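*Asks:* This is run_29.cif, which holds mmCIF, C-alpha atoms and all ligand atoms:
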```cif
data_final
#
loop_
_atom_site.label_atom_id
_atom_site.label_comp_id
_atom_site.auth_asym_id
_atom_site.auth_seq_id
_atom_site.Cartn_x
_atom_site.Cartn_y
_atom_site.Cartn_z
CA MET A 10 -14.60 3.15 -12.05
CA THR A 11 -11.74 3.65 -9.62
CA THR A 12 -8.97 1.13 -10.02
CA ALA A 13 -5.72 0.65 -8.19
CA THR A 14 -3.79 1.04 -11.40
CA ASP A 15 -5.23 4.54 -12.05
CA ARG A 16 -2.18 6.36 -10.74
CA PRO A 17 -1.95 10.08 -11.38
CA ALA A 18 0.58 10.56 -14.20
CA THR A 19 2.48 13.05 -12.03
CA ALA A 20 2.91 10.74 -9.00
CA THR A 21 6.56 10.17 -8.12
CA ARG A 22 7.48 6.51 -8.04
CA MET A 23 8.95 5.59 -4.66
CA LEU A 24 9.25 1.83 -5.04
CA SER A 25 9.35 -0.30 -8.15
CA VAL A 26 9.24 -4.11 -8.06
CA ARG A 27 9.68 -5.79 -11.44
CA GLY A 28 9.38 -9.51 -12.05
CA LEU A 29 10.51 -10.39 -8.53
CA HIS A 30 11.33 -14.09 -8.23
CA LYS A 31 12.64 -15.81 -5.12
CA VAL A 32 13.66 -19.42 -4.69
CA TYR A 33 15.07 -20.60 -1.35
CA GLU A 34 17.64 -23.37 -1.43
CA SER A 35 17.79 -25.32 1.79
CA ALA A 36 19.27 -28.79 2.28
CA GLY A 37 19.53 -29.11 -1.51
CA ARG A 38 15.75 -28.63 -1.92
CA PRO A 39 14.47 -25.56 -3.75
CA THR A 40 11.37 -23.76 -2.45
CA GLU A 41 9.89 -21.32 -4.92
CA ALA A 42 8.47 -18.69 -2.60
CA ILE A 43 7.77 -15.87 -5.08
CA ARG A 44 7.14 -16.56 -8.76
CA ASP A 45 6.57 -13.14 -10.27
CA LEU A 46 5.64 -9.89 -8.53
CA THR A 47 5.44 -6.60 -10.37
CA PHE A 48 4.04 -3.41 -8.82
CA ASP A 49 4.84 0.23 -8.13
CA ILE A 50 4.22 2.34 -5.08
CA ALA A 51 4.00 6.11 -5.50
CA ALA A 52 5.59 8.49 -3.02
CA GLY A 53 3.21 9.13 -0.14
CA GLU A 54 1.01 6.09 -0.77
CA MET A 55 -0.13 3.67 1.92
CA VAL A 56 -0.29 0.14 0.53
CA CYS A 57 -1.26 -2.97 2.50
CA ILE A 58 -0.34 -6.53 1.57
CA VAL A 59 -2.49 -9.53 2.49
CA GLY A 60 -2.34 -13.15 1.43
CA PRO A 61 -2.50 -16.68 2.77
CA SER A 62 0.00 -17.86 5.36
CA GLY A 63 3.28 -18.76 3.65
CA ALA A 64 2.48 -16.62 0.59
CA GLY A 65 5.85 -14.90 0.80
CA LYS A 66 4.88 -11.59 2.41
CA THR A 67 7.89 -11.52 4.73
CA THR A 68 10.11 -12.73 1.89
CA LEU A 69 8.89 -9.80 -0.24
CA LEU A 70 9.58 -7.29 2.53
CA ARG A 71 13.03 -8.73 3.19
CA CYS A 72 13.90 -8.49 -0.50
CA ILE A 73 12.70 -4.87 -0.64
CA ALA A 74 14.67 -4.10 2.55
CA GLY A 75 17.82 -5.44 0.90
CA LEU A 76 18.16 -8.18 3.53
CA LEU A 77 17.59 -11.05 1.08
CA PRO A 78 18.89 -11.30 -2.49
CA PRO A 79 16.17 -12.00 -5.09
CA THR A 80 16.66 -14.94 -7.44
CA GLY A 81 15.41 -12.79 -10.31
CA GLY A 82 13.81 -9.45 -11.08
CA ASP A 83 14.56 -5.89 -10.04
CA ILE A 84 13.71 -3.73 -7.06
CA SER A 85 14.43 -0.02 -7.00
CA LEU A 86 13.77 2.61 -4.41
CA GLU A 87 13.64 6.26 -5.46
CA GLY A 88 15.12 5.21 -8.79
CA ARG A 89 18.12 3.38 -7.32
CA PRO A 90 18.47 -0.42 -7.43
CA VAL A 91 18.25 -2.06 -3.99
CA ALA A 92 21.43 -4.04 -3.36
CA GLY A 93 21.57 -3.81 0.47
CA PRO A 94 19.61 -2.03 3.22
CA PRO A 95 18.67 1.32 1.61
CA LYS A 96 19.30 4.54 3.54
CA GLY A 97 15.81 6.02 3.30
CA MET A 98 13.99 2.98 4.68
CA ALA A 99 12.88 1.87 8.14
CA VAL A 100 11.21 -1.41 9.08
CA VAL A 101 8.96 -2.26 12.05
CA PHE A 102 8.61 -5.97 12.80
CA GLN A 103 5.93 -7.87 14.67
CA ASP A 104 8.22 -8.90 17.48
CA TYR A 105 8.78 -5.65 19.39
CA ALA A 106 10.16 -7.55 22.39
CA ARG A 107 13.11 -8.71 20.30
CA SER A 108 13.55 -5.55 18.27
CA LEU A 109 14.09 -3.30 21.34
CA PHE A 110 17.22 -3.53 23.47
CA PRO A 111 16.17 -4.24 27.08
CA TRP A 112 19.31 -2.68 28.56
CA LEU A 113 18.64 0.66 26.83
CA THR A 114 16.00 3.16 27.92
CA VAL A 115 13.14 4.13 25.64
CA ALA A 116 14.96 7.29 24.53
CA GLN A 117 18.22 5.40 23.95
CA ASN A 118 16.43 2.78 21.85
CA VAL A 119 14.91 5.50 19.69
CA GLU A 120 18.23 7.31 19.44
CA LEU A 121 20.30 4.31 18.37
CA PRO A 122 19.79 4.49 14.58
CA LEU A 123 20.34 8.25 14.75
CA ARG A 124 23.77 7.62 16.24
CA GLU A 125 24.49 5.26 13.38
CA LYS A 126 23.38 8.04 11.04
CA LYS A 127 26.04 10.15 12.80
CA LEU A 128 23.66 13.01 13.56
CA PRO A 129 24.84 15.69 16.02
CA LYS A 130 23.67 15.30 19.62
CA ALA A 131 21.24 18.25 19.62
CA GLU A 132 19.58 17.00 16.44
CA ARG A 133 19.32 13.48 17.90
CA ARG A 134 17.67 14.83 21.03
CA ARG A 135 15.20 16.89 19.00
CA LEU A 136 14.22 13.90 16.84
CA VAL A 137 13.87 11.56 19.84
CA GLU A 138 11.65 14.04 21.70
CA ARG A 139 9.55 14.77 18.64
CA SER A 140 8.97 11.12 17.71
CA LEU A 141 8.16 10.05 21.31
CA GLU A 142 5.71 12.94 21.44
CA ALA A 143 4.19 11.80 18.14
CA VAL A 144 3.49 8.30 19.46
CA GLY A 145 2.20 9.54 22.84
CA LEU A 146 5.22 8.44 24.89
CA ALA A 147 6.76 11.79 25.76
CA ASP A 148 6.49 11.01 29.48
CA VAL A 149 8.50 7.75 29.58
CA PRO A 150 11.88 8.45 27.90
CA ARG A 151 13.83 7.05 30.86
CA SER A 152 11.80 3.86 31.28
CA TYR A 153 13.10 0.54 30.05
CA PRO A 154 11.10 -1.43 27.46
CA TRP A 155 10.33 -4.21 29.93
CA GLN A 156 8.59 -1.68 32.19
CA LEU A 157 6.05 -0.93 29.43
CA SER A 158 2.99 -2.75 28.07
CA GLY A 159 3.19 -4.57 24.72
CA GLY A 160 1.34 -1.76 22.95
CA MET A 161 3.69 0.85 24.44
CA GLN A 162 6.73 -1.19 23.37
CA GLN A 163 5.41 -1.31 19.82
CA ARG A 164 4.96 2.48 20.01
CA VAL A 165 8.65 2.75 20.93
CA ALA A 166 9.53 0.67 17.86
CA ILE A 167 7.36 2.96 15.71
CA ALA A 168 8.93 6.07 17.30
CA ARG A 169 12.38 4.68 16.49
CA ALA A 170 11.40 4.16 12.85
CA VAL A 171 9.79 7.60 12.60
CA ALA A 172 12.75 9.39 14.26
CA TYR A 173 14.96 8.00 11.51
CA GLU A 174 12.89 10.13 9.07
CA PRO A 175 12.53 7.39 6.47
CA HIS A 176 11.12 8.06 3.03
CA ILE A 177 9.50 4.65 3.13
CA LEU A 178 8.37 2.77 6.22
CA MET A 179 7.65 -0.96 6.00
CA MET A 180 5.72 -2.76 8.72
CA ASP A 181 5.53 -6.56 8.92
CA GLU A 182 2.43 -7.58 10.90
CA PRO A 183 3.33 -4.99 13.53
CA PHE A 184 0.16 -5.34 15.63
CA ALA A 185 -0.28 -9.11 15.59
CA ALA A 186 0.80 -9.48 19.21
CA VAL A 187 -1.29 -6.75 20.86
CA ASP A 188 -4.89 -6.76 22.11
CA ALA A 189 -7.75 -5.55 19.93
CA GLN A 190 -8.23 -2.15 21.61
CA THR A 191 -4.51 -1.35 21.49
CA ARG A 192 -4.44 -2.51 17.91
CA ALA A 193 -7.17 -0.04 16.93
CA ASP A 194 -5.26 2.78 18.67
CA LEU A 195 -2.02 1.84 16.89
CA GLU A 196 -3.81 1.69 13.52
CA ASP A 197 -5.02 5.26 14.07
CA LEU A 198 -1.54 6.28 15.18
CA VAL A 199 -0.04 4.90 11.96
CA ARG A 200 -2.60 6.68 9.78
CA ASP A 201 -2.04 9.90 11.70
CA LEU A 202 1.77 9.65 11.29
CA TRP A 203 1.36 8.81 7.63
CA HIS A 204 -0.80 11.92 7.12
CA ARG A 205 1.42 14.24 9.09
CA LEU A 206 4.82 13.05 7.87
CA GLY A 207 3.92 12.37 4.25
CA ILE A 208 5.90 9.12 4.21
CA THR A 209 5.29 6.11 1.98
CA LEU A 210 3.99 3.11 3.89
CA LEU A 211 4.00 -0.57 3.04
CA PHE A 212 2.10 -2.60 5.62
CA VAL A 213 1.84 -6.40 5.78
CA THR A 214 -1.06 -7.86 7.75
CA HIS A 215 -3.14 -11.02 8.07
CA ASP A 216 -6.12 -8.91 9.04
CA ILE A 217 -8.32 -8.01 6.04
CA ASP A 218 -10.28 -5.34 7.94
CA GLU A 219 -7.03 -3.74 9.06
CA ALA A 220 -5.70 -3.70 5.49
CA ILE A 221 -8.84 -1.95 4.20
CA TYR A 222 -9.05 0.46 7.13
CA LEU A 223 -5.43 1.55 6.69
CA GLY A 224 -4.67 1.33 3.02
CA ARG A 225 -5.34 3.23 -0.14
CA ARG A 226 -4.55 -0.01 -1.97
CA VAL A 227 -4.52 -3.61 -0.90
CA LEU A 228 -2.26 -6.01 -2.79
CA VAL A 229 -3.74 -9.48 -2.45
CA LEU A 230 -1.17 -12.24 -2.97
CA SER A 231 -1.81 -15.75 -4.21
CA GLY A 232 -0.57 -18.84 -2.43
CA ARG A 233 3.00 -19.97 -3.08
CA PRO A 234 4.65 -19.61 -5.60
CA THR A 235 3.36 -16.11 -5.31
CA VAL A 236 1.87 -13.78 -7.86
CA ILE A 237 -0.57 -10.89 -7.36
CA MET A 238 -4.20 -12.00 -7.22
CA GLU A 239 -5.44 -8.42 -7.41
CA ASP A 240 -4.38 -4.86 -6.70
CA VAL A 241 -7.51 -3.50 -4.98
CA ALA A 242 -8.17 0.24 -4.79
CA VAL A 243 -9.61 1.25 -1.41
CA ASP A 244 -11.95 3.99 -2.54
CA LEU A 245 -13.02 5.03 0.95
CA PRO A 246 -12.90 8.65 2.13
CA ASP A 247 -9.46 9.66 3.36
CA GLU A 248 -10.80 10.71 6.77
CA ARG A 249 -11.22 7.41 8.59
CA ASP A 250 -12.39 6.49 12.05
CA GLN A 251 -12.77 3.12 13.64
CA LEU A 252 -16.55 3.10 13.93
CA GLY A 253 -17.75 5.26 11.06
CA THR A 254 -15.44 3.87 8.37
CA ARG A 255 -15.94 0.23 9.32
CA ASN A 256 -19.72 0.74 9.23
CA LEU A 257 -19.75 2.15 5.69
CA PRO A 258 -21.48 -0.12 3.15
CA ARG A 259 -18.46 0.30 0.87
CA PHE A 260 -16.15 -0.98 3.63
CA GLY A 261 -18.31 -4.11 3.80
CA GLU A 262 -18.14 -4.58 0.01
CA LEU A 263 -14.37 -4.25 -0.01
CA ARG A 264 -14.03 -6.61 2.94
CA THR A 265 -16.17 -9.24 1.20
CA HIS A 266 -14.21 -8.86 -2.03
CA VAL A 267 -10.78 -9.16 -0.40
CA TYR A 268 -11.96 -12.00 1.84
CA GLU A 269 -13.17 -13.94 -1.21
CA LEU A 270 -9.87 -13.34 -2.99
CA VAL A 271 -7.88 -14.63 -0.01
CA GLN A 272 -10.16 -17.67 0.28
CA LYS A 273 -9.64 -18.38 -3.42
CA ALA A 274 -5.89 -18.00 -2.97
CA LYS A 275 -6.01 -20.48 -0.09
CA ARG A 276 -7.86 -22.96 -2.30
CA GLY A 277 -5.04 -22.68 -4.84
CA HIS A 278 -6.74 -20.41 -7.40
CA ARG A 279 -4.30 -18.34 -9.40
CA PRO A 280 -5.06 -15.35 -11.65
CA GLU A 281 -3.39 -17.01 -14.65
CA ASN A 282 -6.00 -19.79 -14.40
CA GLU A 283 -8.99 -17.43 -14.08
CA PRO A 284 -11.09 -16.13 -16.99
CA ALA A 285 -10.25 -12.47 -17.75
CA ALA A 286 -11.98 -10.45 -15.02
CA GLY A 287 -11.62 -6.86 -16.13
CA ALA A 288 -9.46 -4.19 -14.57
CA SER A 289 -7.82 -4.88 -11.25
CA GLY A 290 -9.50 -3.20 -8.34
CA ALA A 291 -12.85 -3.15 -10.14
CA VAL A 292 -14.78 -3.92 -6.99
CA GLY A 293 -18.51 -3.39 -7.15
CA LYS A 294 -19.70 0.15 -7.68
CA GLU A 295 -17.68 3.28 -7.38
CA PHE A 296 -17.82 5.10 -4.07
CA PRO A 297 -19.88 8.30 -4.47
CA ALA A 298 -17.74 11.44 -4.43
N1 LIG A 301 14.98 -19.41 4.93
C1 LIG A 301 14.10 -20.14 4.27
N2 LIG A 301 14.46 -21.32 3.70
C2 LIG A 301 13.58 -22.06 3.01
N3 LIG A 301 12.28 -21.73 2.83
C3 LIG A 301 11.86 -20.58 3.39
C4 LIG A 301 12.74 -19.74 4.14
N4 LIG A 301 12.04 -18.66 4.56
C5 LIG A 301 10.77 -18.82 4.12
N5 LIG A 301 10.68 -19.97 3.42
C6 LIG A 301 9.47 -20.47 2.74
O1 LIG A 301 9.04 -19.50 1.80
C7 LIG A 301 7.62 -19.40 1.81
C8 LIG A 301 7.21 -17.96 2.11
O2 LIG A 301 7.55 -17.67 3.47
P1 LIG A 301 7.23 -16.24 4.13
O3 LIG A 301 7.67 -16.30 5.55
O4 LIG A 301 7.78 -15.16 3.29
O5 LIG A 301 5.64 -16.22 4.03
P2 LIG A 301 4.59 -15.26 4.77
O6 LIG A 301 3.55 -14.93 3.76
O7 LIG A 301 5.29 -14.10 5.39
O8 LIG A 301 4.03 -16.23 5.87
P3 LIG A 301 3.14 -15.91 7.16
O9 LIG A 301 1.90 -15.25 6.67
O10 LIG A 301 2.84 -17.27 7.73
O11 LIG A 301 3.96 -15.03 8.07
C9 LIG A 301 7.12 -20.42 2.84
O12 LIG A 301 6.78 -21.59 2.15
C10 LIG A 301 8.32 -20.64 3.72
O13 LIG A 301 8.31 -21.95 4.26
#
```
Let's see the structure in the file written out as structure tokens.
Ligand SMILES: Nc1ncnc2c1ncn2[C@@H]1O[C@H](COP(=O)(O)OP(=O)(O)OP(=O)(O)O)[C@@H](O)[C@H]1O

*Replies:*
Amino acid sequence: MTTATDRPATATRMLSVRGLHKVYESAGRPTEAIRDLTFDIAAGEMVCIVGPSGAGKTTLLRCIAGLLPPTGGDISLEGRPVAGPPKGMAVVFQDYARSLFPWLTVAQNVELPLREKKLPKAERRRLVERSLEAVGLADVPRSYPWQLSGGMQQRVAIARAVAYEPHILMMDEPFAAVDAQTRADLEDLVRDLWHRLGITLLFVTHDIDEAIYLGRRVLVLSGRPTVIMEDVAVDLPDERDQLGTRNLPRFGELRTHVYELVQKAKRGHRPENEPAAGASGAVGKEFPA
């Protein structure tokens, strides 16, 4: 039986989250957003996170990105504790319109973090050209973001993250604001980049189908205060395509399983209150090799 916790012993650990706890204090009232999250992500993995609204997905990403101090627990990236924005990380947010600078061209937007990295001009130009090429925007470097469609703007944001050559790329509901067809194209773009660049990817989404289509694992979160409901192994073939993969019987089984977990989470079920259910990720039968 394939389970999400069956990691190859040799896999290098990229991200380690141990006992993460986060309580917000606002107007003297504490809000316990995250109770206890513990998981690892190996180098080169693609992991998706789903959970009910308000489960603390953005809070988790912000803690990992060093933008928010945890109340308790430890986060380390490539073996080093995260105490501020780590160097080898890039983040793509949902709101591309606010993450791009409207007064800068596409190429200048992509180049900006490379300037902050203090890379020489020739190297910056090479990385900008290569990443725009990779996202299919090689022909619009001198356009301004507001001259592009929403999907194209999100491609610029992805190109900017990729040009930075991160070891880990985190995406927080990056396709929530684009139409369904563009979304499918961007999903395939992300999988293609992940394959070609060998980066580690952590992807937050509300869309269960998207999580299964993209991920090798899906971490399903409980409602607040958050713990992990289940770490689901996506034992689908690595070659994926929008029609074939989504029509596989195994895709349907995984979708049903994750959907039921999220529904249970919404109804307030928590793993600590459930009878022991066997190994995490033990979803139906194993996919035939
Ligand atoms: N700055 C803050 N101050 C107080 N409470 C906060 C703050 N930010 C988030 N919260 C609370 O923490 C909980 C988790 O919020 P978070 O935005 O991380 O959830 P989410 O899973 O990303 O939500 P969604 O799926 O709706 O985007 C929510 O109850 C939210 O109201």

*Asks:* So, counting only C-alpha atoms, which residue among A:Val236, A:Leu178, A:Met161, A:Leu245 is closest to His278 of chain A?

*Replies:*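 Checking each of A:Val236, A:Leu178, A:Met161, A:Leu245 against His278 of chain A, counting only C-alpha atoms, the winner is A:Val236.
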
*Asks:* Could you list, as a count of residues only, all the residues within 10 Å of ligand LIG 301 (chain A), counting all atoms listed in the file?

*Replies:* 40

*Asks:* For atom CA of Val171 of chain A and atom CA of Leu198 of chain A, quote the distance in Å rounded to one decimal.

*Replies:* 11.7 Å

*Asks:* When you count all atoms listed in the file, which of these residues is closest to Pro79 of chain A: A:Arg264, A:Lys96, A:Arg255, A:Arg27?

*Replies:* A:Arg27

*Asks:* Got a sec: who's within 12 Å of Asp188 of chain A, counting only C-alpha atoms, leaving out chain neighbours fewer than 6 positions off, as a PyMOL selection string?

*Replies:* chain A and resi 158-161+163+194-195

*Asks:* May I have the residues within 12 Å of segment 116-121 of chain A as a ChimeraX atom specification, using only C-alpha atoms and disregarding those fewer than 5 positions away in the same chain?

*Replies:* /A:105,108-111,126-142,144,146-154,162-174

*Asks:* I need the residue nearest Asp218 of chain A from this list: A:Gln272, A:Ser25, A:Gln156, A:Thr254. Use all atoms listed in the file for the distance.

*Replies:*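 Smallest separation from Asp218 of chain A among the options: A:Thr254.
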
*Asks:* Determine the nearest neighbour of Thr80 of chain A from the options A:Gly97, A:Gly28, A:Ala106, A:Trp112, counting all atoms listed in the file.

*Replies:*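 Using all atoms listed in the file, the shortest distance to Thr80 of chain A belongs to A:Gly28.
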
*Asks:* So the first atom is atom CA of Pro183 of chain A and the second is atom CA of Leu113 of chain A; what is the distance between them in Å, to one decimal place?

*Replies:*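 Between atom CA of Pro183 of chain A and atom CA of Leu113 of chain A the gap is 21.1 Å.
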
*Asks:* Given all atoms listed in the file, how would the per-residue table for segment 98-181 of chain A near segment 81-94 of chain A read, listing every residue at most 12 Å away with its closest atom pair and distance in Å to one decimal, sorted by chain and number, as JSON lines?

*Replies:*
```
{"residue": "A:Met98", "atom": "CA", "partner": "A:Pro94", "partner_atom": "CA", "distance": 7.7}
{"residue": "A:Ala99", "atom": "CA", "partner": "A:Pro94", "partner_atom": "CA", "distance": 9.2}
{"residue": "A:Val100", "atom": "CA", "partner": "A:Pro94", "partner_atom": "CA", "distance": 10.3}
{"residue": "A:Pro175", "atom": "CA", "partner": "A:Leu86", "partner_atom": "CA", "distance": 11.9}
{"residue": "A:His176", "atom": "CA", "partner": "A:Glu87", "partner_atom": "CA", "distance": 9.0}
{"residue": "A:Ile177", "atom": "CA", "partner": "A:Leu86", "partner_atom": "CA", "distance": 8.9}
{"residue": "A:Leu178", "atom": "CA", "partner": "A:Leu86", "partner_atom": "CA", "distance": 11.9}
```

*Asks:* Which one is closest to Arg259 of chain A: A:Trp155, A:Met238, A:Tyr222, A:Arg124? Count all atoms listed in the file.

*Replies:*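 Of A:Trp155, A:Met238, A:Tyr222, A:Arg124, the one nearest Arg259 of chain A is A:Tyr222, counting all atoms listed in the file.
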
*Asks:* Calculated over all atoms listed in the file, which of the candidates A:Phe260, A:Ile73, A:Glu281, A:Leu46 has the smallest distance to Ala220 of chain A?

*Replies:*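 Counting all atoms listed in the file, the residue closest to Ala220 of chain A is A:Phe260.
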
*Asks:* List the spatial neighbours of Ala51 of chain A as a list in words - criterion: any atom at most 6 Å away, all atoms listed in the file, same-chain residues fewer than 4 positions off excluded.

*Replies:*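 Answer for this query is Ala20, Thr21, Arg22 and Met23 of chain A.
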
*Asks:* Work out how far apart atom CA of Val101 of chain A and atom CA of Pro122 of chain A are and give it in Å to one decimal.

*Replies:*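 Separating atom CA of Val101 of chain A from atom CA of Pro122 of chain A is a distance of 13.0 Å.
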
*Asks:* List the spatial neighbours of Asp201 of chain A as a PDB file with C-alpha atoms, in the coordinates of the input - criterion: any atom at most 12 Å away, all atoms listed in the file, same-chain residues fewer than 6 positions off excluded.

*Replies:*
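Writing done, so here's selection-v7.pdb:
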```
ATOM      1  CA  MET A  55      -0.130   3.670   1.920  1.00  0.00           C
ATOM      2  CA  ALA A 143       4.190  11.800  18.140  1.00  0.00           C
ATOM      3  CA  VAL A 144       3.490   8.300  19.460  1.00  0.00           C
ATOM      4  CA  GLY A 145       2.200   9.540  22.840  1.00  0.00           C
ATOM      5  CA  ASP A 194      -5.260   2.780  18.670  1.00  0.00           C
ATOM      6  CA  LEU A 195      -2.020   1.840  16.890  1.00  0.00           C
ATOM      7  CA  GLY A 207       3.920  12.370   4.250  1.00  0.00           C
ATOM      8  CA  ILE A 208       5.900   9.120   4.210  1.00  0.00           C
ATOM      9  CA  LEU A 210       3.990   3.110   3.890  1.00  0.00           C
ATOM     10  CA  LEU A 223      -5.430   1.550   6.690  1.00  0.00           C
ATOM     11  CA  ASP A 247      -9.460   9.660   3.360  1.00  0.00           C
ATOM     12  CA  GLU A 248     -10.800  10.710   6.770  1.00  0.00           C
ATOM     13  CA  ARG A 249     -11.220   7.410   8.590  1.00  0.00           C
ATOM     14  CA  ASP A 250     -12.390   6.490  12.050  1.00  0.00           C
TER      15      ASP A 250
END
```
